[in-house]
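Chemist: File name structure.cif; file contents mmCIF, C-alpha atoms; full text below.
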data_query
#
loop_
_atom_site.group_PDB
_atom_site.id
_atom_site.type_symbol
_atom_site.label_atom_id
_atom_site.label_comp_id
_atom_site.auth_asym_id
_atom_site.auth_seq_id
_atom_site.Cartn_x
_atom_site.Cartn_y
_atom_site.Cartn_z
ATOM 1 C CA MET A 1 -11.681 -21.301 -25.822
ATOM 2 C CA PRO A 2 -10.065 -21.135 -22.346
ATOM 3 C CA LEU A 3 -6.616 -22.554 -21.678
ATOM 4 C CA ASN A 4 -6.540 -26.165 -20.457
ATOM 5 C CA TYR A 5 -4.286 -26.145 -17.394
ATOM 6 C CA HIS A 6 -3.878 -29.915 -17.465
ATOM 7 C CA HIS A 7 -2.174 -29.520 -20.840
ATOM 8 C CA LEU A 8 -0.058 -26.686 -19.425
ATOM 9 C CA ARG A 9 1.061 -28.826 -16.471
ATOM 10 C CA TYR A 10 2.112 -31.654 -18.778
ATOM 11 C CA PHE A 11 4.114 -29.208 -20.879
ATOM 12 C CA TRP A 12 5.655 -27.733 -17.711
ATOM 13 C CA ALA A 13 6.747 -31.181 -16.513
ATOM 14 C CA VAL A 14 8.306 -32.128 -19.865
ATOM 15 C CA ALA A 15 10.058 -28.766 -20.184
ATOM 16 C CA HIS A 16 11.729 -29.197 -16.804
ATOM 17 C CA ASP A 17 12.603 -32.863 -17.375
ATOM 18 C CA GLY A 18 13.782 -32.297 -20.923
ATOM 19 C CA ASN A 19 12.761 -35.827 -21.843
ATOM 20 C CA LEU A 20 9.327 -36.959 -22.989
ATOM 21 C CA THR A 21 9.835 -40.632 -22.128
ATOM 22 C CA ARG A 22 11.080 -39.961 -18.613
ATOM 23 C CA THR A 23 8.237 -37.546 -17.912
ATOM 24 C CA ALA A 24 5.646 -40.020 -19.205
ATOM 25 C CA GLN A 25 6.989 -42.707 -16.888
ATOM 26 C CA ARG A 26 6.987 -40.334 -13.894
ATOM 27 C CA LEU A 27 3.398 -39.272 -14.585
ATOM 28 C CA ASN A 28 2.288 -42.855 -15.287
ATOM 29 C CA LEU A 29 1.175 -41.958 -18.808
ATOM 30 C CA SER A 30 1.965 -43.431 -22.167
ATOM 31 C CA GLN A 31 4.383 -41.412 -24.246
ATOM 32 C CA SER A 32 1.818 -41.054 -27.025
ATOM 33 C CA ALA A 33 -0.849 -39.766 -24.614
ATOM 34 C CA LEU A 34 1.589 -37.165 -23.265
ATOM 35 C CA SER A 35 2.504 -36.106 -26.801
ATOM 36 C CA VAL A 36 -1.191 -35.624 -27.616
ATOM 37 C CA GLN A 37 -1.670 -33.375 -24.558
ATOM 38 C CA ILE A 38 1.248 -31.155 -25.540
ATOM 39 C CA LYS A 39 0.095 -31.038 -29.184
ATOM 40 C CA GLN A 40 -3.321 -29.846 -28.016
ATOM 41 C CA LEU A 41 -1.651 -27.087 -26.001
ATOM 42 C CA GLU A 42 0.415 -26.067 -29.037
ATOM 43 C CA ASP A 43 -2.736 -25.947 -31.153
ATOM 44 C CA ARG A 44 -4.437 -23.750 -28.537
ATOM 45 C CA LEU A 45 -1.475 -21.350 -28.335
ATOM 46 C CA GLY A 46 -0.827 -21.391 -32.071
ATOM 47 C CA HIS A 47 2.889 -22.082 -31.672
ATOM 48 C CA ALA A 48 5.213 -25.072 -31.488
ATOM 49 C CA LEU A 49 6.682 -25.299 -27.991
ATOM 50 C CA PHE A 50 9.391 -27.885 -28.614
ATOM 51 C CA GLU A 51 11.713 -28.800 -31.446
ATOM 52 C CA ARG A 52 13.557 -32.105 -31.727
ATOM 53 C CA ARG A 53 17.296 -32.242 -32.194
ATOM 54 C CA GLY A 54 18.166 -35.875 -32.430
ATOM 55 C CA ARG A 55 16.640 -37.497 -29.354
ATOM 56 C CA GLN A 56 16.597 -34.280 -27.363
ATOM 57 C CA LEU A 57 13.691 -31.865 -26.944
ATOM 58 C CA HIS A 58 14.533 -28.158 -26.987
ATOM 59 C CA LEU A 59 12.236 -25.270 -26.206
ATOM 60 C CA THR A 60 11.345 -22.903 -28.995
ATOM 61 C CA GLU A 61 11.125 -19.173 -28.275
ATOM 62 C CA ALA A 62 7.371 -19.606 -27.741
ATOM 63 C CA GLY A 63 8.173 -22.541 -25.446
ATOM 64 C CA ARG A 64 10.487 -20.403 -23.299
ATOM 65 C CA ILE A 65 7.782 -17.754 -22.952
ATOM 66 C CA ALA A 66 5.199 -20.404 -22.071
ATOM 67 C CA LEU A 67 7.548 -21.938 -19.495
ATOM 68 C CA ASP A 68 8.084 -18.568 -17.782
ATOM 69 C CA HIS A 69 4.329 -18.165 -17.412
ATOM 70 C CA ALA A 70 3.827 -21.765 -16.320
ATOM 71 C CA ASP A 71 6.502 -21.352 -13.619
ATOM 72 C CA ALA A 72 4.697 -18.288 -12.287
ATOM 73 C CA ILE A 73 1.274 -19.948 -12.432
ATOM 74 C CA PHE A 74 2.243 -23.127 -10.612
ATOM 75 C CA SER A 75 4.426 -21.279 -8.111
ATOM 76 C CA THR A 76 1.404 -19.129 -7.226
ATOM 77 C CA GLY A 77 -0.663 -22.284 -6.810
ATOM 78 C CA GLN A 78 1.876 -23.714 -4.375
ATOM 79 C CA GLU A 79 1.874 -20.440 -2.414
ATOM 80 C CA LEU A 80 -1.921 -20.554 -2.248
ATOM 81 C CA VAL A 81 -1.888 -24.056 -0.774
ATOM 82 C CA ALA A 82 0.799 -23.099 1.752
ATOM 83 C CA THR A 83 -0.998 -19.898 2.732
ATOM 84 C CA LEU A 84 -4.345 -21.558 3.278
ATOM 85 C CA ALA A 85 -2.780 -24.471 5.117
ATOM 86 C CA GLY A 86 -0.806 -22.262 7.494
ATOM 87 C CA THR A 87 -2.794 -19.038 7.830
ATOM 88 C CA VAL A 88 -6.502 -19.646 7.601
ATOM 89 C CA ARG A 89 -6.372 -22.434 10.130
ATOM 90 C CA ASP A 90 -4.256 -20.504 12.664
ATOM 91 C CA ARG A 91 -4.134 -16.745 12.079
ATOM 92 C CA LYS A 92 -5.859 -14.318 9.743
ATOM 93 C CA ALA A 93 -3.483 -12.093 7.778
ATOM 94 C CA LEU A 94 -4.266 -8.380 7.532
ATOM 95 C CA ARG A 95 -2.063 -6.679 4.950
ATOM 96 C CA VAL A 96 -2.116 -2.915 5.466
ATOM 97 C CA GLY A 97 -0.442 -0.332 3.282
ATOM 98 C CA ALA A 98 0.188 3.156 4.616
ATOM 99 C CA LEU A 99 1.409 6.298 2.942
ATOM 100 C CA ALA A 100 5.101 6.625 3.782
ATOM 101 C CA THR A 101 4.554 10.117 5.212
ATOM 102 C CA LEU A 102 1.467 9.267 7.250
ATOM 103 C CA SER A 103 1.438 9.905 10.989
ATOM 104 C CA ARG A 104 2.698 6.850 12.885
ATOM 105 C CA ASN A 105 0.466 7.845 15.788
ATOM 106 C CA PHE A 106 -2.562 7.606 13.551
ATOM 107 C CA GLN A 107 -1.517 4.235 12.133
ATOM 108 C CA ILE A 108 -1.077 2.742 15.595
ATOM 109 C CA GLY A 109 -4.329 4.259 16.807
ATOM 110 C CA PHE A 110 -6.270 2.848 13.887
ATOM 111 C CA LEU A 111 -4.771 -0.642 14.220
ATOM 112 C CA ARG A 112 -4.787 -0.776 18.035
ATOM 113 C CA PRO A 113 -8.063 -2.778 18.316
ATOM 114 C CA ILE A 114 -6.449 -5.790 16.623
ATOM 115 C CA LEU A 115 -2.732 -5.469 17.435
ATOM 116 C CA SER A 116 -3.032 -7.630 20.544
ATOM 117 C CA ARG A 117 -5.225 -10.294 18.946
ATOM 118 C CA ARG A 118 -3.548 -13.672 18.650
ATOM 119 C CA ASP A 119 -5.723 -14.705 15.714
ATOM 120 C CA VAL A 120 -4.625 -11.785 13.494
ATOM 121 C CA GLU A 121 -1.230 -11.186 11.939
ATOM 122 C CA VAL A 122 -0.724 -7.569 10.826
ATOM 123 C CA ILE A 123 1.593 -7.045 7.866
ATOM 124 C CA LEU A 124 2.314 -3.325 7.485
ATOM 125 C CA ARG A 125 3.928 -1.839 4.392
ATOM 126 C CA SER A 126 4.558 1.763 3.338
ATOM 127 C CA GLY A 127 4.801 3.359 -0.074
ATOM 128 C CA SER A 128 3.624 6.032 -2.471
ATOM 129 C CA PRO A 129 -0.053 6.457 -3.354
ATOM 130 C CA ALA A 130 0.468 4.768 -6.735
ATOM 131 C CA GLU A 131 2.272 1.804 -5.162
ATOM 132 C CA LEU A 132 -0.380 1.348 -2.493
ATOM 133 C CA LEU A 133 -3.328 1.502 -4.878
ATOM 134 C CA GLU A 134 -1.592 -0.968 -7.170
ATOM 135 C CA GLY A 135 -1.158 -3.263 -4.164
ATOM 136 C CA LEU A 136 -4.903 -3.102 -3.564
ATOM 137 C CA ALA A 137 -5.704 -3.786 -7.205
ATOM 138 C CA THR A 138 -3.450 -6.867 -7.279
ATOM 139 C CA LEU A 139 -4.845 -8.144 -3.934
ATOM 140 C CA ASN A 140 -1.433 -7.814 -2.255
ATOM 141 C CA LEU A 141 -2.994 -5.391 0.241
ATOM 142 C CA ASP A 142 -6.324 -5.569 2.050
ATOM 143 C CA LEU A 143 -6.447 -1.942 3.167
ATOM 144 C CA VAL A 144 -4.608 1.309 2.478
ATOM 145 C CA LEU A 145 -4.343 4.278 4.856
ATOM 146 C CA MET A 146 -3.932 7.734 3.304
ATOM 147 C CA ASN A 147 -4.546 11.380 4.142
ATOM 148 C CA ARG A 148 -6.312 12.149 0.884
ATOM 149 C CA PRO A 149 -8.818 10.118 -1.127
ATOM 150 C CA PRO A 150 -7.842 8.527 -4.441
ATOM 151 C CA PRO A 151 -9.184 9.991 -7.706
ATOM 152 C CA ASP A 152 -12.956 9.624 -7.840
ATOM 153 C CA ASP A 153 -14.053 8.182 -11.173
ATOM 154 C CA ASN A 154 -16.064 5.254 -12.412
ATOM 155 C CA LEU A 155 -12.983 3.335 -13.530
ATOM 156 C CA THR A 156 -11.437 2.865 -10.087
ATOM 157 C CA PRO A 157 -12.607 -0.196 -8.124
ATOM 158 C CA TYR A 158 -11.887 1.447 -4.758
ATOM 159 C CA GLU A 159 -14.095 2.337 -1.816
ATOM 160 C CA THR A 160 -13.071 5.312 0.318
ATOM 161 C CA HIS A 161 -13.912 5.445 4.039
ATOM 162 C CA GLN A 162 -13.300 8.605 6.076
ATOM 163 C CA ILE A 163 -12.065 7.283 9.407
ATOM 164 C CA GLY A 164 -10.682 10.210 11.368
ATOM 165 C CA GLU A 165 -9.257 13.685 11.474
ATOM 166 C CA GLN A 166 -6.952 15.779 13.604
ATOM 167 C CA ASP A 167 -6.363 19.486 14.119
ATOM 168 C CA ILE A 168 -3.238 21.046 12.629
ATOM 169 C CA SER A 169 -1.455 23.811 14.501
ATOM 170 C CA ILE A 170 1.367 26.283 14.062
ATOM 171 C CA VAL A 171 4.206 25.571 16.500
ATOM 172 C CA GLY A 172 7.633 27.000 17.121
ATOM 173 C CA THR A 173 10.284 27.697 19.721
ATOM 174 C CA PRO A 174 9.497 30.272 22.449
ATOM 175 C CA GLU A 175 12.197 32.520 20.956
ATOM 176 C CA ARG A 176 10.493 32.557 17.552
ATOM 177 C CA LEU A 177 6.786 32.244 18.269
ATOM 178 C CA ASP A 178 4.785 35.000 19.916
ATOM 179 C CA THR A 179 1.710 32.897 20.688
ATOM 180 C CA ASP A 180 -0.611 35.918 20.807
ATOM 181 C CA ARG A 181 0.206 37.258 17.337
ATOM 182 C CA PRO A 182 -2.481 36.835 14.646
ATOM 183 C CA ILE A 183 -1.854 34.179 12.057
ATOM 184 C CA ARG A 184 -1.581 36.689 9.245
ATOM 185 C CA GLU A 185 1.335 38.442 10.966
ATOM 186 C CA LEU A 186 3.078 35.107 11.523
ATOM 187 C CA LEU A 187 2.644 34.264 7.835
ATOM 188 C CA VAL A 188 4.153 37.606 6.837
ATOM 189 C CA ASP A 189 7.120 37.676 9.231
ATOM 190 C CA GLN A 190 8.195 34.098 9.885
ATOM 191 C CA PRO A 191 9.641 31.282 7.732
ATOM 192 C CA PHE A 192 7.555 28.097 7.692
ATOM 193 C CA ILE A 193 8.294 24.397 7.697
ATOM 194 C CA LEU A 194 5.495 22.824 5.678
ATOM 195 C CA PRO A 195 4.351 19.408 4.487
ATOM 196 C CA THR A 196 4.880 18.728 0.800
ATOM 197 C CA THR A 197 2.207 19.776 -1.679
ATOM 198 C CA ASP A 198 0.643 16.306 -1.910
ATOM 199 C CA ASN A 199 -0.531 16.610 1.708
ATOM 200 C CA SER A 200 -4.128 17.628 2.508
ATOM 201 C CA ALA A 201 -2.997 19.899 5.369
ATOM 202 C CA ARG A 202 -0.626 21.702 2.988
ATOM 203 C CA THR A 203 -3.468 22.237 0.521
ATOM 204 C CA ALA A 204 -5.571 23.814 3.268
ATOM 205 C CA PHE A 205 -2.620 25.963 4.430
ATOM 206 C CA ASP A 206 -2.028 27.294 0.916
ATOM 207 C CA ALA A 207 -5.722 28.112 0.594
ATOM 208 C CA MET A 208 -5.651 29.977 3.937
ATOM 209 C CA ALA A 209 -2.596 32.001 2.875
ATOM 210 C CA SER A 210 -4.306 32.864 -0.392
ATOM 211 C CA ARG A 211 -7.430 34.082 1.441
ATOM 212 C CA LEU A 212 -5.239 36.292 3.626
ATOM 213 C CA SER A 213 -3.377 37.595 0.531
ATOM 214 C CA VAL A 214 -0.037 36.453 1.946
ATOM 215 C CA ARG A 215 2.781 34.569 0.259
ATOM 216 C CA PRO A 216 4.614 32.832 3.122
ATOM 217 C CA GLN A 217 8.352 32.329 3.220
ATOM 218 C CA ILE A 218 8.994 28.588 3.044
ATOM 219 C CA ALA A 219 12.051 27.450 4.977
ATOM 220 C CA ALA A 220 11.555 23.770 4.144
ATOM 221 C CA GLU A 221 9.069 21.360 2.582
ATOM 222 C CA VAL A 222 9.180 18.038 4.398
ATOM 223 C CA ASP A 223 7.418 14.727 3.762
ATOM 224 C CA ASP A 224 8.405 13.159 7.087
ATOM 225 C CA MET A 225 6.863 14.189 10.414
ATOM 226 C CA ALA A 226 9.941 13.217 12.421
ATOM 227 C CA MET A 227 12.093 15.525 10.314
ATOM 228 C CA MET A 228 9.542 18.337 10.608
ATOM 229 C CA ARG A 229 9.599 17.931 14.373
ATOM 230 C CA LEU A 230 13.413 18.092 14.397
ATOM 231 C CA LEU A 231 13.523 21.214 12.216
ATOM 232 C CA ALA A 232 11.024 22.958 14.490
ATOM 233 C CA ARG A 233 13.115 22.075 17.550
ATOM 234 C CA GLU A 234 16.219 23.449 15.787
ATOM 235 C CA ASP A 235 14.353 26.756 15.289
ATOM 236 C CA ILE A 236 14.502 26.655 11.475
ATOM 237 C CA GLY A 237 11.018 28.143 11.342
ATOM 238 C CA LEU A 238 7.434 27.714 12.437
ATOM 239 C CA ALA A 239 6.025 24.276 11.654
ATOM 240 C CA LEU A 240 2.579 23.283 10.468
ATOM 241 C CA VAL A 241 1.999 20.036 12.353
ATOM 242 C CA ALA A 242 -0.528 18.145 14.412
ATOM 243 C CA PRO A 243 0.085 18.801 18.131
ATOM 244 C CA ILE A 244 0.309 15.037 18.728
ATOM 245 C CA VAL A 245 3.504 14.962 16.625
ATOM 246 C CA VAL A 246 5.262 17.369 19.016
ATOM 247 C CA LYS A 247 3.404 16.391 22.179
ATOM 248 C CA ASP A 248 6.550 15.940 24.290
ATOM 249 C CA GLU A 249 8.028 19.274 23.161
ATOM 250 C CA LEU A 250 4.779 21.123 23.914
ATOM 251 C CA THR A 251 4.593 19.535 27.357
ATOM 252 C CA SER A 252 8.199 20.450 28.193
ATOM 253 C CA GLY A 253 7.895 23.984 26.787
ATOM 254 C CA ARG A 254 10.576 23.460 24.166
ATOM 255 C CA LEU A 255 7.939 24.310 21.556
ATOM 256 C CA LYS A 256 4.807 26.443 21.823
ATOM 257 C CA GLU A 257 1.528 26.457 19.928
ATOM 258 C CA ALA A 258 0.024 29.575 18.355
ATOM 259 C CA SER A 259 -3.083 30.734 20.217
ATOM 260 C CA GLU A 260 -5.052 31.544 17.077
ATOM 261 C CA HIS A 261 -6.113 28.255 15.536
ATOM 262 C CA PRO A 262 -5.531 28.063 11.760
ATOM 263 C CA ARG A 263 -8.735 25.990 11.297
ATOM 264 C CA ILE A 264 -6.897 23.325 9.343
ATOM 265 C CA LYS A 265 -7.618 19.647 9.772
ATOM 266 C CA GLU A 266 -5.891 16.598 8.379
ATOM 267 C CA THR A 267 -8.376 13.956 7.303
ATOM 268 C CA PHE A 268 -7.563 10.255 7.228
ATOM 269 C CA TYR A 269 -9.013 7.694 4.849
ATOM 270 C CA ALA A 270 -9.055 3.928 4.585
ATOM 271 C CA ILE A 271 -9.145 2.704 1.001
ATOM 272 C CA THR A 272 -10.407 -0.787 0.189
ATOM 273 C CA LEU A 273 -11.084 -2.705 -2.978
ATOM 274 C CA ARG A 274 -14.669 -3.464 -3.935
ATOM 275 C CA ARG A 275 -14.835 -7.192 -3.323
ATOM 276 C CA ARG A 276 -17.651 -9.660 -3.090
ATOM 277 C CA PHE A 277 -16.043 -11.307 -0.060
ATOM 278 C CA PRO A 278 -14.175 -8.578 1.885
ATOM 279 C CA ASN A 279 -11.697 -9.405 4.629
ATOM 280 C CA PRO A 280 -13.789 -9.570 7.851
ATOM 281 C CA VAL A 281 -10.951 -8.070 9.925
ATOM 282 C CA VAL A 282 -10.917 -5.030 7.629
ATOM 283 C CA GLN A 283 -14.653 -4.587 8.088
ATOM 284 C CA GLU A 284 -14.262 -4.827 11.855
ATOM 285 C CA LEU A 285 -11.635 -2.064 11.842
ATOM 286 C CA LEU A 286 -13.754 0.158 9.616
ATOM 287 C CA ASP A 287 -16.792 -0.324 11.860
ATOM 288 C CA ARG A 288 -14.794 0.558 14.989
ATOM 289 C CA ASN A 289 -13.174 3.639 13.494
ATOM 290 C CA ALA A 290 -15.933 5.018 11.271
ATOM 291 C CA GLY A 291 -16.329 8.767 11.699
ATOM 292 C CA SER A 292 -14.096 8.900 14.747
ATOM 293 C CA ALA A 293 -11.822 11.740 15.706
ATOM 294 C CA PHE A 294 -8.054 11.339 15.563
ATOM 295 C CA LEU A 295 -7.012 8.065 17.163
ATOM 296 C CA GLY A 296 -3.831 9.180 18.854
#
Would you mind writing the file's structure down as C-alpha cells?
Modeler:
Amino acid sequence: MPLNYHHLRYFWAVAHDGNLTRTAQRLNLSQSALSVQIKQLEDRLGHALFERRGRQLHLTEAGRIALDHADAIFSTGQELVATLAGTVRDRKALRVGALATLSRNFQIGFLRPILSRRDVEVILRSGSPAELLEGLATLNLDLVLMNRPPPDDNLTPYETHQIGEQDISIVGTPERLDTDRPIRELLVDQPFILPTTDNSARTAFDAMASRLSVRPQIAAEVDDMAMMRLLAREDIGLALVAPIVVKDELTSGRLKEASEHPRIKETFYAITLRRRFPNPVVQELLDRNAGSAFLG
C-alpha cells in the first residue's frame, strides 16, 4: 500500500507546531479528524510517531526519522514549484557536468551554439567520473562531458554519444625537441609529461610505447592541461597534448611540435540519461555536434 502524503503532511504540521489543538485550528480541522489522520499514518509505518507527556506531544525515535524525511520531501516540493514558476516560463536550465580535467576549449566549443541564447541558462559543474554519473542518475545533471565512455553494461541507464575528437601531439621547447627525430628515439631519450592513466590519450600513448618496445621516462603525470602546458614551457620534458592547448606557444615558437605524428586522438563523449522526455536543449546540442571534429 503506497504512502498517503496527506497523512504525512498532517503529521509534519503537528510535529512542527508541537500541539495537536493548535494545528487542527490552523488547518481548519477537528482535533479528532487530525488524530485519525496521524493514526492512519502510524498504522501504515508500523510505528508510533508521538508520545504524550502530560499535555505535550513529543516525537518518538520513529517520529524524528519520519520528520527528517518529511522535511526533505516537502522542501523538494517547494523547490519544484519555485523552479517551474521561475525557470520554465522565462529560461530553460541546462545543467552540464564536465570531467575536471577535460579541455576547456572543447567545453566552450561544444556549448557555443547556446551560450548566447537568452532563453537558456547554462549551469556548468566539474567533478570526477563517479560524481558526474551520479549527478545524471539523480537528475541533478542533464548532460555529462567526458573523454572516455562509461562502463558499458545492461545495468547502466546511460546513453553515450561520440561528439568529437582531436589530434594529440608531442611538443617541447626548441632546445629539447628535435622535430625531425622519429618518435621511437624521442621515447627512448627524452622525459615525458603525460596525462594521468584515466585519460584516453594516455591509454593510446602507452599502447604505442608498448608496440615500439619502449618504456618511456615519465617526468610527470598531470591531470590538468594548464599545468601540463606550464611544465612544457619550463622545459621539464616533452608533453603529450593537443596542439590547441599550446596554440599560443606554438605560434610564438616557444614550443615546437614533433614532425612525426603519434597517431593518437582524444575522443569526446556526451553522456545522457535514458529518459522518456529528454531535455530539448540537450538534444539540440547533440544534433549540432554529432560526429564533428574537435570544436576548438
Chemist: Would you pick out the contacts of Asp198 (chain A) at 10 Å or less, using all atoms listed in the file, so that residues sharing its chain but fewer than 6 positions from it are not included, and give the list as a PyMOL selection string?
Modeler: chain A and resi 129+147-148+223
Chemist: Since we have the selection now, will you write its residues out, keeping C-alpha atoms, as a PDB file, in the coordinates of the input?
Modeler:
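Result file selection_14.pdb:
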ATOM      1  CA  PRO A 129      -0.053   6.457  -3.354  1.00  0.00           C
ATOM      2  CA  ASN A 147      -4.546  11.380   4.142  1.00  0.00           C
ATOM      3  CA  ARG A 148      -6.312  12.149   0.884  1.00  0.00           C
ATOM      4  CA  ASP A 223       7.418  14.727   3.762  1.00  0.00           C
TER       5      ASP A 223
END
Chemist: List the spatial neighbours of region 184-189 of chain A as a PyMOL selection string - criterion: any atom at most 9 Å away, only C-alpha atoms, same-chain residues fewer than 3 positions off excluded.
Modeler: chain A and resi 177-178+181+192+209+212-217+238
Chemist: Output the selection as a short mmCIF file (atom, residue, chain, number, x, y, z; two decimals), in the coordinates of the input - C-alpha atoms for each residue.
Modeler:
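Result file result23.cif:
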data_model
loop_
_atom_site.label_atom_id
_atom_site.label_comp_id
_atom_site.auth_asym_id
_atom_site.auth_seq_id
_atom_site.Cartn_x
_atom_site.Cartn_y
_atom_site.Cartn_z
CA LEU A 177 6.79 32.24 18.27
CA ASP A 178 4.78 35.00 19.92
CA ARG A 181 0.21 37.26 17.34
CA PHE A 192 7.56 28.10 7.69
CA ALA A 209 -2.60 32.00 2.88
CA LEU A 212 -5.24 36.29 3.63
CA SER A 213 -3.38 37.60 0.53
CA VAL A 214 -0.04 36.45 1.95
CA ARG A 215 2.78 34.57 0.26
CA PRO A 216 4.61 32.83 3.12
CA GLN A 217 8.35 32.33 3.22
CA LEU A 238 7.43 27.71 12.44
#
Chemist: Ranking A:Ile264, A:Leu143, A:Leu59, A:Ile163 by minimum distance to Asp17 (chain A) and counting only C-alpha atoms, which one comes first?
Modeler: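 Selected residue with least distance to Asp17 (chain A): A:Leu59.
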Chemist: Translate the PyMOL selection byres ((chain A and resi 268) around 10) into a concrete residue list for this structure, as a PyMOL selection string.
Modeler: chain A and resi 102-103+106-107+145-149+161-166+200+265-267+269-271+291+293-294
Chemist: Quick one: distance from CA of Val245 (chain A) to CA of Glu121 (chain A) in Å, one decimal?
Modeler: 27.0 Å
Chemist: Pick the closest to Met225 (chain A) from A:Gln40, A:Thr179, A:Thr101, A:Thr23: which is it, counting only C-alpha atoms?
Modeler: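 For Met225 (chain A), the nearest of the candidates is A:Thr101.
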Chemist: Apply the PyMOL selection byres ((chain A and resi 139) around 12) to the displayed file and report the matching residues as number ranges by chain.
Modeler: A: 94-97, 132-138, 140-144, 157-158, 272-275, 278-279
Chemist: Output region 20-42 of chain A with N, CA and C atoms present, as a compact mmCIF listing (two decimals), in the frame of the given file.
Modeler:
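The resulting out06.txt:
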# COMPACT_ATOMS: atom_id res chain seq x y z
N LEU A 20 10.73 -36.56 -22.92
CA LEU A 20 9.33 -36.96 -22.99
C LEU A 20 9.10 -38.32 -22.36
N THR A 21 10.00 -39.27 -22.64
CA THR A 21 9.84 -40.63 -22.13
C THR A 21 9.91 -40.65 -20.61
N ARG A 22 10.90 -39.97 -20.07
CA ARG A 22 11.08 -39.96 -18.61
C ARG A 22 9.88 -39.30 -17.92
N THR A 23 9.38 -38.23 -18.50
CA THR A 23 8.24 -37.55 -17.91
C THR A 23 6.99 -38.43 -17.95
N ALA A 24 6.80 -39.12 -19.08
CA ALA A 24 5.65 -40.02 -19.20
C ALA A 24 5.69 -41.11 -18.14
N GLN A 25 6.85 -41.66 -17.91
CA GLN A 25 6.99 -42.71 -16.89
C GLN A 25 6.68 -42.14 -15.50
N ARG A 26 7.20 -40.94 -15.22
CA ARG A 26 6.99 -40.33 -13.89
C ARG A 26 5.52 -40.02 -13.67
N LEU A 27 4.81 -39.63 -14.71
CA LEU A 27 3.40 -39.27 -14.58
C LEU A 27 2.47 -40.46 -14.80
N ASN A 28 3.06 -41.63 -15.06
CA ASN A 28 2.29 -42.86 -15.29
C ASN A 28 1.35 -42.70 -16.48
N LEU A 29 1.90 -42.13 -17.55
CA LEU A 29 1.18 -41.96 -18.81
C LEU A 29 1.95 -42.64 -19.92
N SER A 30 1.25 -42.95 -20.99
CA SER A 30 1.96 -43.43 -22.17
C SER A 30 2.60 -42.24 -22.87
N GLN A 31 3.69 -42.49 -23.56
CA GLN A 31 4.38 -41.41 -24.25
C GLN A 31 3.49 -40.78 -25.31
N SER A 32 2.70 -41.59 -25.98
CA SER A 32 1.82 -41.05 -27.02
C SER A 32 0.73 -40.16 -26.42
N ALA A 33 0.18 -40.58 -25.26
CA ALA A 33 -0.85 -39.77 -24.61
C ALA A 33 -0.29 -38.42 -24.19
N LEU A 34 0.95 -38.41 -23.67
CA LEU A 34 1.59 -37.16 -23.26
C LEU A 34 1.84 -36.28 -24.47
N SER A 35 2.27 -36.88 -25.57
CA SER A 35 2.50 -36.11 -26.80
C SER A 35 1.21 -35.45 -27.29
N VAL A 36 0.10 -36.17 -27.19
CA VAL A 36 -1.19 -35.62 -27.62
C VAL A 36 -1.56 -34.41 -26.76
N GLN A 37 -1.34 -34.49 -25.45
CA GLN A 37 -1.67 -33.38 -24.56
C GLN A 37 -0.88 -32.13 -24.93
N ILE A 38 0.40 -32.30 -25.20
CA ILE A 38 1.25 -31.16 -25.54
C ILE A 38 0.85 -30.59 -26.90
N LYS A 39 0.51 -31.50 -27.85
CA LYS A 39 0.10 -31.04 -29.18
C LYS A 39 -1.20 -30.21 -29.08
N GLN A 40 -2.09 -30.61 -28.20
CA GLN A 40 -3.32 -29.85 -28.02
C GLN A 40 -3.03 -28.46 -27.44
N LEU A 41 -2.05 -28.39 -26.54
CA LEU A 41 -1.65 -27.09 -26.00
C LEU A 41 -1.04 -26.23 -27.10
N GLU A 42 -0.19 -26.82 -27.93
CA GLU A 42 0.42 -26.07 -29.04
C GLU A 42 -0.65 -25.55 -30.00
